[in-house]
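As stored in upload-v7.tsv (TSV, C-alpha atoms):
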```tsv
chain	number	residue	atom	x	y	z
A	1137	MET	CA	-5.87	16.50	-1.89
A	1138	ARG	CA	-9.40	16.32	-3.21
A	1139	LEU	CA	-8.89	12.63	-3.87
A	1140	THR	CA	-7.29	11.92	-0.50
A	1141	LEU	CA	-10.43	12.88	1.41
A	1142	PRO	CA	-12.71	9.99	0.35
A	1143	LEU	CA	-9.97	7.58	1.42
A	1144	LEU	CA	-9.70	9.04	4.90
A	1145	PRO	CA	-12.62	7.29	6.67
A	1146	GLY	CA	-11.27	3.88	5.68
A	1147	ILE	CA	-7.74	4.82	6.64
A	1148	MET	CA	-8.93	6.14	10.00
A	1149	VAL	CA	-10.68	2.87	10.88
A	1150	PHE	CA	-7.65	0.93	9.68
A	1151	GLY	CA	-5.29	3.05	11.81
A	1152	ALA	CA	-7.57	2.77	14.84
A	1153	ALA	CA	-7.67	-1.00	14.34
A	1154	PHE	CA	-3.87	-1.03	14.51
A	1155	GLY	CA	-4.03	0.98	17.75
A	1156	ALA	CA	-6.54	-1.45	19.21
A	1157	GLY	CA	-4.47	-4.43	18.14
A	1158	ALA	CA	-1.33	-2.89	19.61
A	1159	ALA	CA	-3.06	-2.35	22.97
A	1160	HIS	CA	-4.31	-5.92	22.91
A	1161	LYS	CA	-0.82	-7.21	22.19
A	1162	GLY	CA	0.68	-5.28	25.12
A	1163	LEU	CA	2.53	-2.48	23.33
A	1164	SER	CA	2.62	0.81	25.22
A	1165	LEU	CA	0.85	3.79	23.67
A	1166	PHE	CA	4.27	5.30	23.03
A	1167	GLU	CA	5.39	2.21	21.10
A	1168	ALA	CA	2.17	2.11	19.07
A	1169	MET	CA	2.60	5.76	18.10
A	1170	LEU	CA	6.25	5.24	17.20
A	1171	SER	CA	5.19	2.40	14.95
A	1172	SER	CA	2.56	4.55	13.21
A	1173	GLY	CA	4.87	7.56	12.97
A	1174	LEU	CA	8.09	5.82	11.93
A	1175	VAL	CA	6.99	2.72	10.04
A	1176	PHE	CA	3.80	4.31	8.67
A	1177	ALA	CA	2.68	1.28	6.68
A	1178	GLY	CA	-0.58	-0.29	7.78
A	1179	ALA	CA	-0.28	-3.86	6.55
A	1180	ALA	CA	3.30	-4.19	7.81
A	1181	GLN	CA	2.39	-2.72	11.21
A	1182	LEU	CA	-0.49	-5.16	11.64
A	1183	VAL	CA	1.62	-8.13	10.62
A	1184	SER	CA	4.41	-7.02	12.96
A	1185	LEU	CA	2.04	-7.23	15.94
A	1186	ALA	CA	1.94	-11.00	15.51
A	1187	LEU	CA	5.73	-11.07	16.00
A	1188	TRP	CA	5.88	-8.54	18.83
A	1189	GLN	CA	7.94	-9.67	21.85
A	1190	ASP	CA	8.20	-8.74	25.51
A	1191	HIS	CA	11.92	-9.49	25.42
A	1192	TRP	CA	13.84	-8.84	22.25
A	1193	THR	CA	16.69	-10.98	21.02
A	1194	PHE	CA	18.82	-10.53	17.92
A	1195	GLY	CA	16.80	-13.27	16.24
A	1196	SER	CA	13.36	-11.82	16.95
A	1197	THR	CA	14.48	-8.33	15.89
A	1198	LEU	CA	15.85	-9.72	12.64
A	1199	ALA	CA	12.68	-11.74	12.03
A	1200	ILE	CA	10.33	-8.77	12.48
A	1201	THR	CA	12.55	-6.61	10.26
A	1202	LEU	CA	12.57	-9.18	7.46
A	1203	VAL	CA	8.81	-9.67	7.63
A	1204	VAL	CA	8.21	-5.92	7.46
A	1205	PHE	CA	10.58	-5.75	4.50
A	1206	ALA	CA	8.75	-8.57	2.73
A	1207	VAL	CA	5.35	-6.92	3.24
A	1208	ASN	CA	6.64	-3.57	1.97
A	1209	ALA	CA	8.78	-4.85	-0.91
A	1210	ARG	CA	5.94	-3.90	-3.28
A	1211	MET	CA	6.85	-0.26	-2.63
A	1212	ILE	CA	10.18	-0.77	-4.42
A	1213	LEU	CA	8.25	-1.45	-7.62
A	1214	MET	CA	5.76	1.32	-6.91
A	1215	GLY	CA	8.59	3.82	-6.46
A	1216	ALA	CA	10.15	2.68	-9.72
A	1217	ALA	CA	6.84	3.15	-11.51
A	1218	LEU	CA	6.58	6.79	-10.39
A	1219	HIS	CA	10.30	7.45	-10.80
A	1220	HIS	CA	9.92	9.93	-13.65
A	1221	TRP	CA	7.85	12.08	-11.34
A	1222	PHE	CA	10.09	11.78	-8.29
A	1223	LYS	CA	13.15	12.75	-10.28
A	1224	THR	CA	11.75	16.22	-10.86
A	1225	ALA	CA	12.15	17.00	-7.14
A	1226	SER	CA	15.34	18.22	-5.46
A	1227	PRO	CA	17.22	15.53	-3.48
A	1228	MET	CA	16.26	16.81	-0.03
A	1229	TRP	CA	12.62	17.17	-0.98
A	1230	ARG	CA	12.72	13.71	-2.47
A	1231	TRP	CA	14.13	12.05	0.68
A	1232	PHE	CA	11.45	13.73	2.72
A	1233	SER	CA	8.55	13.00	0.43
A	1234	LEU	CA	9.52	9.36	-0.07
A	1235	TYR	CA	9.23	8.93	3.67
A	1236	LEU	CA	5.55	9.80	3.22
A	1237	PHE	CA	5.11	7.34	0.35
A	1238	THR	CA	2.13	4.98	0.85
A	1239	ASP	CA	-0.24	2.88	-1.22
A	1240	ALA	CA	-2.79	5.70	-1.04
A	1241	ASN	CA	-0.72	8.58	-2.39
A	1242	TRP	CA	0.97	6.26	-4.87
A	1243	ILE	CA	-2.30	5.31	-6.52
A	1244	LEU	CA	-3.52	8.92	-6.38
A	1245	GLY	CA	-0.22	9.98	-7.93
A	1246	VAL	CA	-0.55	7.45	-10.75
A	1247	ARG	CA	-4.00	8.77	-11.53
A	1248	TYR	CA	-2.98	12.40	-11.24
A	1249	HIS	CA	-0.02	11.82	-13.52
A	1250	GLN	CA	-2.21	9.98	-16.02
A	1251	ASP	CA	-4.44	13.04	-16.17
A	1252	GLY	CA	-1.44	15.19	-16.98
A	1253	GLY	CA	-0.80	16.58	-13.48
A	1254	ARG	CA	2.84	17.33	-12.73
A	1255	ASP	CA	2.66	19.25	-9.45
A	1256	TYR	CA	4.85	17.33	-7.04
A	1257	GLY	CA	3.18	19.10	-4.13
A	1258	MET	CA	0.11	16.93	-4.66
A	1259	PHE	CA	2.11	13.89	-3.58
A	1260	VAL	CA	3.67	15.58	-0.56
A	1261	GLY	CA	0.45	17.24	0.59
A	1262	SER	CA	-1.44	14.00	0.41
A	1263	GLY	CA	1.40	12.23	2.26
A	1264	VAL	CA	1.50	14.77	5.10
A	1265	LEU	CA	-2.26	14.57	5.55
A	1266	LEU	CA	-2.21	10.76	5.57
A	1267	TRP	CA	0.68	10.68	8.04
A	1268	LEU	CA	-0.99	13.07	10.50
A	1269	VAL	CA	-4.33	11.24	10.36
A	1270	TRP	CA	-2.63	7.86	10.66
A	1271	LEU	CA	-0.63	8.93	13.70
A	1272	LEU	CA	-3.58	10.61	15.42
A	1273	VAL	CA	-6.11	7.80	15.03
A	1274	THR	CA	-3.67	5.36	16.62
A	1275	VAL	CA	-4.42	7.06	19.97
A	1276	PRO	CA	-8.22	6.64	20.16
A	1277	GLY	CA	-7.82	3.17	18.68
A	1278	TYR	CA	-5.38	2.28	21.43
A	1279	LEU	CA	-7.47	3.77	24.22
A	1280	LEU	CA	-10.89	2.57	23.08
A	1281	GLY	CA	-9.72	-0.86	21.99
A	1282	ALA	CA	-12.78	-3.05	21.84
A	1283	LEU	CA	-15.02	-0.15	20.77
A	1284	VAL	CA	-13.27	0.12	17.42
A	1285	PRO	CA	-15.48	-1.54	14.81
A	1286	ASP	CA	-14.06	-4.63	13.19
A	1287	PRO	CA	-12.69	-3.36	9.86
A	1288	LYS	CA	-13.93	-6.52	8.17
A	1289	THR	CA	-17.63	-6.03	8.84
A	1290	LEU	CA	-17.44	-2.55	7.30
A	1291	GLY	CA	-15.36	-3.80	4.42
A	1292	ILE	CA	-12.53	-1.43	5.39
A	1293	ASP	CA	-9.98	-4.12	4.54
A	1294	LEU	CA	-11.05	-3.61	0.93
A	1295	VAL	CA	-10.64	0.19	0.73
A	1296	MET	CA	-7.24	0.04	-0.93
A	1297	PRO	CA	-8.04	-2.89	-3.23
A	1298	ILE	CA	-11.24	-1.14	-4.38
A	1299	ILE	CA	-9.51	2.17	-5.06
A	1300	PHE	CA	-6.76	0.26	-6.88
A	1301	ALA	CA	-9.35	-1.53	-9.04
A	1302	VAL	CA	-11.13	1.75	-9.80
A	1303	MET	CA	-7.88	3.41	-10.90
A	1304	LEU	CA	-7.23	0.59	-13.33
A	1305	ILE	CA	-10.02	1.80	-15.62
A	1306	PRO	CA	-8.35	5.06	-16.72
A	1307	LEU	CA	-5.07	3.15	-17.22
A	1308	TRP	CA	-6.67	0.96	-19.88
A	1309	LYS	CA	-5.00	1.64	-23.20
A	1310	GLY	CA	-6.47	-0.94	-25.51
A	1311	ARG	CA	-6.05	-4.64	-25.94
A	1312	GLN	CA	-2.40	-4.83	-26.84
A	1313	ALA	CA	-1.36	-3.05	-23.66
A	1314	ALA	CA	-3.44	-5.54	-21.66
A	1315	MET	CA	-1.05	-8.43	-22.27
A	1316	PRO	CA	1.21	-7.50	-19.31
A	1317	TRP	CA	-1.91	-7.27	-17.16
A	1318	LEU	CA	-3.02	-10.73	-18.15
A	1319	VAL	CA	0.40	-12.17	-17.34
A	1320	ALA	CA	0.44	-10.28	-14.01
A	1321	ALA	CA	-3.00	-11.65	-13.14
A	1322	VAL	CA	-2.12	-15.27	-13.88
A	1323	VAL	CA	1.30	-15.16	-12.22
A	1324	SER	CA	0.03	-13.41	-9.08
A	1325	ILE	CA	-2.78	-15.94	-8.63
A	1326	VAL	CA	-0.38	-18.86	-9.05
A	1327	VAL	CA	2.17	-17.36	-6.65
A	1328	MET	CA	-0.55	-16.63	-4.11
A	1329	GLN	CA	-1.49	-20.31	-4.14
A	1330	LEU	CA	2.11	-21.47	-3.78
A	1331	VAL	CA	3.82	-18.95	-1.50
A	1332	GLN	CA	2.67	-17.56	1.82
A	1333	GLY	CA	2.70	-13.84	2.45
A	1334	TYR	CA	2.71	-10.94	0.03
A	1335	ALA	CA	5.18	-12.23	-2.55
A	1336	PHE	CA	2.37	-12.51	-5.10
A	1337	ILE	CA	2.21	-8.73	-5.55
A	1338	VAL	CA	5.91	-8.31	-6.31
A	1339	VAL	CA	6.28	-11.42	-8.49
A	1340	GLY	CA	3.08	-10.74	-10.43
A	1341	ALA	CA	3.96	-7.08	-11.02
A	1342	LEU	CA	7.48	-7.98	-12.16
A	1343	ALA	CA	6.10	-10.57	-14.55
A	1344	GLY	CA	3.79	-7.92	-16.02
A	1345	ALA	CA	6.63	-5.41	-16.38
A	1346	ILE	CA	8.89	-7.98	-18.08
A	1347	THR	CA	6.08	-8.86	-20.48
A	1348	GLY	CA	5.75	-5.16	-21.28
A	1349	ALA	CA	9.49	-4.91	-21.92
A	1350	LEU	CA	9.46	-7.87	-24.31
A	1351	MET	CA	6.50	-6.66	-26.33
A	1352	PRO	CA	6.83	-4.60	-29.50
A	1353	GLU	CA	6.20	-0.88	-29.22
A	1354	ALA	CA	2.53	-0.30	-28.49
A	1355	GLN	CA	0.41	0.95	-31.37
A	1356	PRO	CA	-2.19	3.40	-30.17
A	1357	ASP	CA	-5.51	1.80	-31.09
A	1358	VAL	CA	-8.02	3.87	-29.17
B	1497	MET	CA	21.88	1.20	30.66
B	1498	SER	CA	19.69	3.84	32.24
B	1499	ASN	CA	15.99	3.25	31.86
B	1500	HIS	CA	14.66	6.24	33.75
B	1501	TRP	CA	12.93	7.74	30.71
B	1502	LEU	CA	12.04	4.48	29.02
B	1503	GLU	CA	9.95	3.03	31.83
B	1504	PRO	CA	7.37	5.83	32.07
B	1505	LEU	CA	6.84	5.38	28.33
B	1506	GLY	CA	6.37	1.66	28.80
B	1507	THR	CA	9.11	0.71	26.44
B	1508	SER	CA	12.58	-0.82	26.35
B	1509	TRP	CA	15.77	-0.55	24.31
B	1510	GLY	CA	14.90	-3.81	22.63
B	1511	ALA	CA	11.48	-2.60	21.51
B	1512	LEU	CA	12.88	0.73	20.33
B	1513	LEU	CA	15.57	-1.02	18.32
B	1514	ALA	CA	12.98	-3.34	16.75
B	1515	LEU	CA	10.81	-0.36	15.78
B	1516	LEU	CA	13.80	1.45	14.30
B	1517	CYS	CA	14.75	-1.63	12.26
B	1518	MET	CA	11.15	-1.94	11.01
B	1519	ALA	CA	11.13	1.75	10.07
B	1520	ALA	CA	14.50	1.44	8.32
B	1521	ALA	CA	13.36	-1.61	6.33
B	1522	THR	CA	10.22	0.25	5.27
B	1523	TYR	CA	12.09	3.41	4.29
B	1524	LEU	CA	14.52	1.29	2.27
B	1525	CYS	CA	11.58	-0.09	0.30
B	1526	ARG	CA	10.24	3.43	-0.25
B	1527	LEU	CA	13.60	4.64	-1.57
B	1528	GLY	CA	14.68	1.44	-3.29
B	1529	GLY	CA	12.72	1.69	-6.52
B	1530	VAL	CA	13.56	5.33	-7.12
B	1531	TRP	CA	17.22	4.70	-6.33
B	1532	LEU	CA	17.29	1.72	-8.67
B	1533	MET	CA	15.84	3.73	-11.53
B	1534	ASP	CA	18.46	6.43	-10.97
B	1535	HIS	CA	21.15	3.84	-11.59
B	1536	LEU	CA	19.76	1.77	-14.43
B	1537	PRO	CA	20.71	2.91	-17.92
B	1538	PRO	CA	17.59	4.11	-19.74
B	1539	SER	CA	16.50	2.03	-22.72
B	1540	PRO	CA	13.30	1.61	-24.73
B	1541	ARG	CA	12.87	-1.78	-23.13
B	1542	LEU	CA	13.09	-0.39	-19.61
B	1543	ARG	CA	10.69	2.37	-20.58
B	1544	ARG	CA	8.14	-0.19	-21.77
B	1545	ALA	CA	8.62	-2.20	-18.56
B	1546	LEU	CA	7.95	0.92	-16.49
B	1547	GLY	CA	4.94	1.73	-18.63
B	1548	ALA	CA	3.46	-1.68	-17.89
B	1549	LEU	CA	4.36	-1.51	-14.20
B	1550	PRO	CA	1.56	0.56	-12.59
B	1551	GLY	CA	-1.19	-1.55	-14.15
B	1552	SER	CA	0.67	-4.75	-13.34
B	1553	ILE	CA	1.10	-3.74	-9.70
B	1554	ILE	CA	-2.60	-2.96	-9.45
B	1555	ILE	CA	-3.61	-6.22	-11.14
B	1556	SER	CA	-1.30	-8.28	-8.93
B	1557	THR	CA	-2.76	-6.67	-5.81
B	1558	VAL	CA	-6.41	-6.79	-6.74
B	1559	VAL	CA	-6.96	-9.94	-8.80
B	1560	PRO	CA	-5.69	-12.49	-6.24
B	1561	LEU	CA	-7.79	-10.74	-3.57
B	1562	GLY	CA	-10.84	-10.82	-5.80
B	1563	VAL	CA	-10.34	-14.49	-6.55
B	1564	MET	CA	-9.47	-15.59	-3.01
B	1565	GLY	CA	-11.28	-13.01	-0.88
B	1566	GLY	CA	-14.74	-14.51	-1.19
B	1567	PRO	CA	-17.80	-13.44	-3.19
B	1568	ALA	CA	-18.25	-10.13	-1.31
B	1569	ALA	CA	-14.79	-8.94	-2.32
B	1570	LEU	CA	-15.15	-10.06	-5.92
B	1571	ILE	CA	-18.58	-8.52	-6.43
B	1572	ALA	CA	-17.55	-5.24	-4.75
B	1573	LEU	CA	-14.47	-4.96	-6.97
B	1574	VAL	CA	-16.52	-5.59	-10.10
B	1575	VAL	CA	-19.22	-3.10	-9.06
B	1576	ALA	CA	-16.62	-0.41	-8.35
B	1577	MET	CA	-14.94	-0.95	-11.73
B	1578	LEU	CA	-18.27	-0.88	-13.58
B	1579	VAL	CA	-19.29	2.37	-11.91
B	1580	MET	CA	-15.91	3.86	-12.80
B	1581	PHE	CA	-16.22	2.65	-16.38
B	1582	LYS	CA	-19.67	4.20	-16.77
B	1583	SER	CA	-19.24	7.41	-14.80
B	1584	ARG	CA	-15.45	8.07	-14.75
B	1585	ARG	CA	-15.92	9.41	-11.24
B	1586	ASP	CA	-13.51	7.72	-8.87
B	1587	VAL	CA	-15.14	8.91	-5.65
B	1588	LEU	CA	-18.51	7.59	-6.75
B	1589	ALA	CA	-16.96	4.26	-7.78
B	1590	LEU	CA	-15.17	3.87	-4.46
B	1591	ALA	CA	-18.40	4.61	-2.57
B	1592	ALA	CA	-20.32	2.08	-4.66
B	1593	GLY	CA	-17.70	-0.60	-3.98
B	1594	MET	CA	-17.64	0.09	-0.24
B	1595	VAL	CA	-21.43	0.06	0.10
B	1596	THR	CA	-21.55	-3.20	-1.85
B	1597	VAL	CA	-19.02	-4.99	0.33
B	1598	ALA	CA	-20.57	-3.70	3.58
B	1599	LEU	CA	-24.05	-4.85	2.51
B	1600	LEU	CA	-22.88	-8.22	1.26
B	1601	ARG	CA	-20.90	-8.92	4.41
B	1602	ARG	CA	-23.87	-7.91	6.53
B	1603	MET	CA	-25.96	-10.39	4.58
B	1604	GLY	CA	-23.43	-13.03	5.51
B	1605	PHE	CA	-21.38	-13.46	2.33
```
Here is a file; write its structure as C-alpha cells.
Amino acid sequence: MRLTLPLLPGIMVFGAAFGAGAAHKGLSLFEAMLSSGLVFAGAAQLVSLALWQDHWTFGSTLAITLVVFAVNARMILMGAALHHWFKTASPMWRWFSLYLFTDANWILGVRYHQDGGRDYGMFVGSGVLLWLVWLLVTVPGYLLGALVPDPKTLGIDLVMPIIFAVMLIPLWKGRQAAMPWLVAAVVSIVVMQLVQGYAFIVVGALAGAITGALMPEAQPDV
Amino acid sequence: MSNHWLEPLGTSWGALLALLCMAAATYLCRLGGVWLMDHLPPSPRLRRALGALPGSIIISTVVPLGVMGGPAALIALVVAMLVMFKSRRDVLALAAGMVTVALLRRMGF
C-alpha cells in the first residue's frame, strides 16, 4: 500500500485521459465507466477507443476483442512470473484478486516478494485501491474533457516505464544472471522495429525466459 | 429487444457485448499465466525460466521505449535508475524520473 500511493497521481491523470478520450469518441459515461470497471487496463482501453463503433457488427466486435487481447497478452507472462505467490491463495480469493491484476500491483508485488514479503493481502489491497481510483477518475475525465492535462506534457505516459526501470535495480543479481536481460533487450528492440503493436514485450520477455532456462544454474557471485 | 433501460444510459446491446468481450479477453490474460503454471510439470529448467522472467518482462517493456521514445524518455529512465542505484529508495527514484521527463519535455525535447 505504501508503494501504491506514489503511483496514484500518474494513474489518476491516465484514467482521466481515458475518460476524456471516451467522451471525445462518443461513448456514453456509462460505457466509459463499464470499460474502466470491467476491462480495467489502461493501455488496452485507450487503444480500444480507436476501434470504437456506433454500430457493432460481429467483425468489429471480434477485432476490438483481439486487439485488447494482444495489448494485454503481456499479463499472461506476468502472471506466470508471480505464480508461486498466487498459488498460496485459495481458489476463490485467487479468481477475485487476479481480476485486480495490473502492471502497477504486479511490479509492486515483484519488489515486495524480492524483499521477502509473502502477505498476499498486499497484492489485493493495492489492486482494490487502484481499481476504485481508476473507476472514479474516469468520471471527472469524461465530464471535464478538454481540461484534463495532456498526459504527455507531464510525462505521465512514462510513469509505468519509469517505475519498471527503477524496480530492475533490486532484481540485479550479478553478471551471469544478466544474460537473459541482454537477450530480452535485443529481441524486444528488433521485434519493435519489425512488428506493430505490443508484441515486442511478449516476444522479448519469452526470449529472456528461454535464455534463463538454457543457462547453467546460476552461481551466486555477489 | 427492449431498449428502455439502455437508452437512458446511452448504450446499446452491441456496445455492451463489445465491452464484455474486451473484459473477458483481459481477464483471460490475467488468469492465463497462473493457469498455465498450474498445469506445467515443474522442472529445474522451468524454474530458471521463471526466475529470469520478471527482469526480462521489465527489460522488454522499458528498453524499446527508452530507445524509441526520444531523448526525454531515455534520460528520465537513466536518471531514475541511477537514483535507485545510489539511494535504494524507489519513491525518490520515481520522483526524480518524473521531474526529469516533465522538465525535458517542457524544454522541447
Which neighbours of stretch 1295-1308 of chain A fall inside 6 Å, counting all atoms listed in the file, when residues of the same chain fewer than 4 positions from it are skipped, and could you give them as a PDB file with C-alpha atoms, keeping the file's coordinate frame?
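Result file selection10.pdb:
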```
ATOM      1  CA  ILE B1554      -2.600  -2.960  -9.450  1.00  0.00           C
ATOM      2  CA  VAL B1558      -6.410  -6.790  -6.740  1.00  0.00           C
ATOM      3  CA  LEU B1573     -14.470  -4.960  -6.970  1.00  0.00           C
ATOM      4  CA  MET B1577     -14.940  -0.950 -11.730  1.00  0.00           C
ATOM      5  CA  LEU B1590     -15.170   3.870  -4.460  1.00  0.00           C
TER       6      LEU B1590
END
```
Nearby residues (all atoms listed in the file) at most 8 Å from B:Gly1529, same-chain spacing under 3 positions excluded, as JSON, numbers by chain: {"A": [1211, 1212, 1213, 1214, 1215, 1216, 1217, 1219], "B": [1525, 1526, 1532, 1533]}
Quick one: contact table of chain B to chain A, 7 Å max, nearest atom pair and distance in Å to one decimal per residue, counting all atoms listed in the file, chain and number order, as a tab-separated table?
```
residue	atom	partner	partner_atom	distance
B:Leu1505	CA	A:Phe1166	CA	5.9
B:Gly1506	CA	A:Ser1164	CA	5.3
B:Thr1507	CA	A:Ser1164	CA	6.6
B:Gly1510	CA	A:Trp1192	CA	5.2
B:Ala1511	CA	A:Trp1192	CA	6.7
B:Ala1514	CA	A:Thr1197	CA	5.3
B:Leu1515	CA	A:Ser1171	CA	6.3
B:Cys1517	CA	A:Thr1201	CA	5.8
B:Met1518	CA	A:Thr1201	CA	4.9
B:Ala1519	CA	A:Val1175	CA	4.3
B:Ala1521	CA	A:Phe1205	CA	5.3
B:Thr1522	CA	A:Phe1205	CA	6.1
B:Tyr1523	CA	A:Tyr1235	CA	6.2
B:Cys1525	CA	A:Ile1212	CA	5.0
B:Arg1526	CA	A:Met1211	CA	5.5
B:Leu1527	CA	A:Leu1234	CA	6.4
B:Gly1528	CA	A:Ile1212	CA	5.1
B:Gly1529	CA	A:Ile1212	CA	4.1
B:Val1530	CA	A:Ala1216	CA	5.0
B:Met1533	CA	A:Ala1216	CA	6.1
B:Arg1541	CA	A:Ala1349	CA	4.8
B:Leu1542	CA	A:Ala1349	CA	6.2
B:Arg1544	CA	A:Ala1349	CA	4.9
B:Ala1545	CA	A:Ala1345	CA	4.4
B:Leu1546	CA	A:Ala1217	CA	5.6
B:Ala1548	CA	A:Ala1345	CA	5.1
B:Leu1549	CA	A:Ala1345	CA	5.0
B:Pro1550	CA	A:Ala1217	CA	6.0
B:Gly1551	CA	A:Leu1304	CA	6.5
B:Ser1552	CA	A:Ala1341	CA	4.7
B:Ile1553	CA	A:Ala1341	CA	4.6
B:Ile1554	CA	A:Phe1300	CA	5.9
B:Ile1555	CA	A:Ala1321	CA	5.8
B:Ser1556	CA	A:Ile1337	CA	4.9
B:Thr1557	CA	A:Ile1337	CA	5.4
B:Val1558	CA	A:Pro1297	CA	5.5
B:Val1559	CA	A:Ala1321	CA	6.1
B:Pro1560	CA	A:Ile1325	CA	5.1
B:Leu1573	CA	A:Ile1298	CA	5.6
B:Ala1576	CA	A:Val1302	CA	6.1
B:Met1577	CA	A:Val1302	CA	5.1
B:Met1580	CA	A:Val1302	CA	6.0
B:Phe1581	CA	A:Ile1305	CA	6.3
B:Asp1586	CA	A:Val1302	CA	6.5
B:Val1587	CA	A:Pro1142	CA	6.6
B:Ala1589	CA	A:Val1302	CA	6.7
B:Leu1590	CA	A:Ile1299	CA	5.9
B:Gly1593	CA	A:Ile1298	CA	6.5
B:Met1594	CA	A:Gly1291	CA	6.5
B:Val1597	CA	A:Gly1291	CA	5.6
B:Ala1598	CA	A:Leu1290	CA	5.0
B:Arg1601	CA	A:Thr1289	CA	6.2
B:Arg1602	CA	A:Thr1289	CA	6.9
```
Gap from atom CA of A:Pro1287 to atom CA of B:Ser1583 - Å, one decimal: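 Distance reported for this atom pair: 27.7 Å.
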Between atom CA of B:Ala1572 and atom CA of A:Gln1250, distance in Å (one decimal): 24.4 Å
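The environment of B:Leu1600 within 9 Å, counting only C-alpha atoms and disregarding residues fewer than 6 places along the same chain, consists of Pro1567, Ala1568, Ala1569, Ile1571 and Ala1572 of chain B.
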Point-to-point distance from atom CA of A:Tyr1256 to atom CA of A:Leu1144, Å rounded to tenths: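 Going from atom CA of A:Tyr1256 over to atom CA of A:Leu1144 covers 20.6 Å.
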